[in-house]
Amino acid sequence: MDWTPDEQGLQQVLQLLKDSQSPNTATQRVVQDKLKQLNQFPDFNNYLIFVLTRLKSEDEPTRSLSGLILKNNVKAHFQSFPTPVAEFIKQECLNNIGDASSLIRATIGILITTIASKGELQMWPELLPQLCNLLNSEDYNTCEGAFGALQKICEDSSELLDSDALNRPLNVMIPKFLQFFKHCSPKIRSHAIACVNQFIMDRAQALMENIDTFIEHLFALAVDEDPEVRKNVCRALVMLLEVRIDRLLPHMHSIIQYMLQRTQDSDENVALEACEFWLTLAEQPVCKEVLGAHLVQLIPILVNGMKYSEIDIILLKGDVEEDEAVPDSEQDIKPRFHKSRTVTLQHEEERPPDPDEADDEDDDDDDTLSDWNLRKCSAAALDVLANVFREELLPHLLPLLKELLFHPEWVIKESGILVLGAIAEGCMQGMVPYLPELIPHLIRCLADKKALVRSIACWTLSRYAHWVVGQPPDLYLKPLMTELLQRVLDGNKRVQEAACSAFATLEEEACTELVPYLSFILDTLVFAFGKYQHKNLLILYDAIGTLADSVGHHLNQPEYIQKLMPPLIQKWNELKDEDKDLFPLLECLSSVATALQSGFLPYCEPVYQRCVTLVQKTLAHAMLYSQQPERVEAPDKDFMIVALDLLSGLAEGLGAHVEQLVARSNVMSLLFQCMQDSMPEVRQSSFALLGDLTKACFLHVKPCIAEFMPILGTNLNPEFISVCNNATWAIGEICMQMGSEMQPYVPMVLSNLVEIINRPNTPKTLLENTAITIGRLGFVCPQEVAPMLQQFIRPWCTSLRNIRDNEEKDSAFRGICVMIGVNPGGVVQDFIFFCDAVASWVSPKDDLREMFYKILQGFKAQVGEENWQHFAEQFPPLLKERLAAFYGV
């Protein structure tokens with residue numbers, strides 16, 4: 001079929017396309033209205049494709065724009081195009097994919113992909129065969145245009161191409177693409193590799209069958225003169241390393257040699273792609289064995305890649321020293337995410353920090369250049385390799401470091417400090433002998449005249465904070481703290497930010513070591529309040545909150561409170577209820593309230609009221625949204641979550657003092673709604689608050705128990721770990737207050753708790769909280785819980801043996817002892833686990849020790865001396881000793 005436009009209609013469409021290139025907003029509005037009108041006419045789309053493919057007399061931008069408007073229409077309404085229109089568009093695309101203009105070819109390619117991704121690949125069976133056929137064309141433009149379109153289809157529909165829905169076209173396409181790896185045009189070679197690369201990560205069957213040919217062809221292109229081709233070769237090798245390392249292993253030596261060259265490629269994009277190879281290799285079990293011999297070459301290359309490029313320095317305004325008075329632009333400020341409260345228990349062993357909870361300390365210091373670049377990739381690679389090779393890295397590094405750290409050129413010195421920070425985690429043991437000399441040098445670098453040197457020194461010192469805190473304080477901690485606090489007040493915003501973050505890390509490591517310096521620390525942090533622009537203020541809140549968490553009740557001194565609270569409350573009053581800056585401030589106040597305890601009383605009223613208001617407003621907004629989702633924007637529930645968490649902090653910090661505040665507010669009915677919210681994080685924070693209010697002022701919680709317990713029961717669902725964890729903890733706290741009145745509610749929760757404690761792969765925190773709560777339930781309602789003893793005693797004992805002696809553990813063990821009294825048969829099969837759990841106590845209270853004694857002696861008497869001896873022979877020696885020493889068995 002051939003369609004011809006009406007001349008007048010064509011002029012109208014061309015005028016519209018011209019107008020839509022106008023910068024004038026009023027004109028733009030007219031264009032939008034006109035587009036809406038024209039879209040009522042189905043053949044408007046014919047005009048658009050006609051301008052794109054046939055009107056060679058028009059300028060390229062106008063033709064391309066016509067195609068992009070058509071693409072948007074296809075995206076929105078292709079299913080409703082009349083068949084003749086749809087067919088005309090498809091036919092025009094295929095007939096003109098070889099247009100002389102590369103812009104028009106690319107636009108047609110985008111249009112083809114958009115049609116294909118609307119589920120039309122199945123409806124357009126001739127598309128792939130025709131495009132593959134056009135690859136054979138003698139005409140370069142046709143071949144390149146077809147390849148461009150195929151590359152876009154491979155990117156958008158890789159899974160579909162490898163499925164039976166289309167009879168697996170890849171079986172033809174992959175061998176076809178591989179033929180073009182040797183094409184004379186670099187652009188076409190590059191398209192061919194890019195197409196095949198789309199199928200590596202999904203291990204497409206057709207590719208796996210041709211994998212050796214593919215690798216052979218890649219090697220043949222290793223020294224291609226075109227950077228785009230080299231980049232795609234590197235990208236392919238990095239992905240193959242992840243999915244088919246078995247095929248690369250025989251060639252590993254030469255691949256590594258190749259990647260060493262490419263990581264130094266003159267084209268930064270190629271170098272960055274190649275540098276990813278080391279990051280990926282470090283995750284492979286074979287890393288140590290295949291890379292060890294090459295470290296001597298690799299380390300200097302990575303170190304060299306860690307220097308700032310000239311472009312970085314320009315973008316980072318590296319020559320601007322004083323910018324503290326320049327206001328921040330709003331788009332520089334990354335959104336912060338609040339991490340909802342999770343209730344955990346104290347442990348014997350120090351746990352490694354949870355990677356999800358680690359703040360961005362491992363993100364390098366280049367936050368404002370948040371795009372990934374060679375410097376960051378090299379630093380990340382060195383970091384992961386340090387974790388693989390540990391001390392073996394140092395002989396290759398130390399000679400280089402000496403040269404870098406004392407270099408007269410600041411860019412080189414800066415990269416040396418970054419290297420030192422990158423290896424801190426992996427090479428810590430090996431670095432210890434050098435630290436007494438290095439740390440003072442780094443502290444001197446904090447006063448360097450270059451801002452970028454000062455800021456990297458902050459980051460690197462924070463990576464060694466753990467070691468610093470382990471030395472006598474006057475040696476390093478005091479000078480480091482003094483100099484870091486100077487940097488918190490630096491004239492450069494980037495240095496302020498790095499210093500604040502580093503100081504927060506130091507606080508976490510030093511904890512109460514900081515108490516002697518509190519006055520000085522607070523003076524500095526409070527002074528920074530008046531000095532900081534928007535972005536760094538948010539980091540300052542974090543540093544203050546971390547300080548409160550680290551020194552705890554030591555902050556509760558009148559002089560400290562007088563310094564700290566006025567500026568915080570002033571900010572609190574300045575911020576509106578809809579301002580997201582409330583999040584970090586609320587988190588900070590939550591930590592401060594918990595630390596100050598009764599010292600926070602004078603400030604609690606307005607803070608408490610506002611939190612209740614924030615919860616109430618958000619609930620009301622959510623209600624409106626559920627009634628009219630098309631007219632009302634979705635509420636930002638973070639406001640509610642953060643407010644609930646601060647209320648928890650107040651309840652925990654103020655204890656019984658919170659009672660009068662609760663009495664004068666509707667917080668219990670708000671909590672009832674929050675506990676049923678559709679968003680897990682809202683429920684998680686609600687249950688934490690419920691538990692804290694139960695401990696602080698149960699008289700207000702008690703009247704709601706009948707309504708609350710069924711909700712708690714339904715949330716004992718380990719699909720949402722943190723929600724389940726907090727609900728479990730709250731039930732345990734409620735038990736302790738309810739006593740025997742808990743009886744009617746046991747059936748609502750017990751079977752879920754028993755199921756959770758027996759599930760494989762349940763996280764430790766949840767197991768411990770579940771065990772405590774089962775113990776507490778059994779303590780207050782032994783008759784109801786004891787019959788199930790046998791179903792949970794073994795996992796119960798194993799999950800509680802590792803936690804420190806504390807109130808929660810005490811109440812749980814009393815519960816187990818009472819239940820054993822009711823149902824001694826329930827523990828017989830697993831008695832050895834009970835013995836082990838009893839032995840985990842360091843100093844139980846006298847009456848609890850007495851309970852243990854009776855159970856152990858009773859069991860021994862029951863089975864008789866001889867059987868007991870057989871039984872005791874299974875004990876590990878340490879357990880045997882402890883039981884004999886403490887309980888005489």
# chains A, B, ... in the order shown; residues from 1 in each chain; ligands from 1
call {"tool": "residues_around", "arguments": {"residues": "segment 398-414 of chain A", "least_positions_apart": "3", "cutoff": "12 Å", "atoms": "only C-alpha atoms", "output": "MDAnalysis selection string"}}
result
chainID A and resid 296 299:310 312:313 318:319 365 375 391:395 417:421 423 427 430:431 434 437:439 441:442 444:446 448:460
call {"tool": "select_by_dssp", "arguments": {"residues": "segment 533-643 of chain A", "states": "alpha helix (DSSP H)", "output": "ChimeraX atom specification"}}
result
/A:534-551,558-574,582-596,601-627,638-643
call {"tool": "atom_distance", "arguments": {"atom1": "atom CA of Gln616 of chain A", "atom2": "atom CA of Met675 of chain A"}}
result
13.5 Å
call {"tool": "residues_around", "arguments": {"residues": "Gln471 of chain A", "least_positions_apart": "3", "cutoff": "12 Å", "atoms": "only C-alpha atoms", "output": "list in words"}}
result
Val432, Leu435, Pro436, Ile439, Tyr464, Ala465, His466, Trp467, Val468, Asp474, Leu475, Tyr476, Leu477, Lys478, Ala510 and Glu513 of chain A
call {"tool": "write_last_selection", "arguments": {"atoms": "C-alpha atoms", "output": "CSV table (one decimal), in the first residue's frame"}}
result
chain,number,residue,atom,x,y,z
A,432,VAL,CA,50.2,-1.9,62.2
A,435,LEU,CA,51.0,3.3,61.8
A,436,PRO,CA,52.9,5.0,64.6
A,439,ILE,CA,49.1,8.4,61.6
A,464,TYR,CA,42.2,3.6,60.9
A,465,ALA,CA,40.0,4.9,63.8
A,466,HIS,CA,39.8,1.4,65.3
A,467,TRP,CA,43.5,1.2,65.7
A,468,VAL,CA,43.8,4.8,67.0
A,474,ASP,CA,47.3,11.0,74.4
A,475,LEU,CA,49.4,9.5,71.6
A,476,TYR,CA,47.0,9.7,68.7
A,477,LEU,CA,43.3,10.0,69.7
A,478,LYS,CA,43.7,13.4,71.2
A,510,ALA,CA,35.9,5.6,70.7
A,513,GLU,CA,36.8,7.5,75.5
call {"tool": "closest_residue", "arguments": {"among": "A:Asn726, A:Pro824, A:Asp212, A:Ser378", "to": "Thr344 of chain A", "atoms": "only C-alpha atoms"}}
result
A:Asn726
call {"tool": "residues_around", "arguments": {"residues": "His217 of chain A", "least_positions_apart": "3", "cutoff": "12 Å", "atoms": "only C-alpha atoms", "output": "PyMOL selection string"}}
result
chain A and resi 175+177-183+189+192-193+196+210-214+220-224+233+236-237
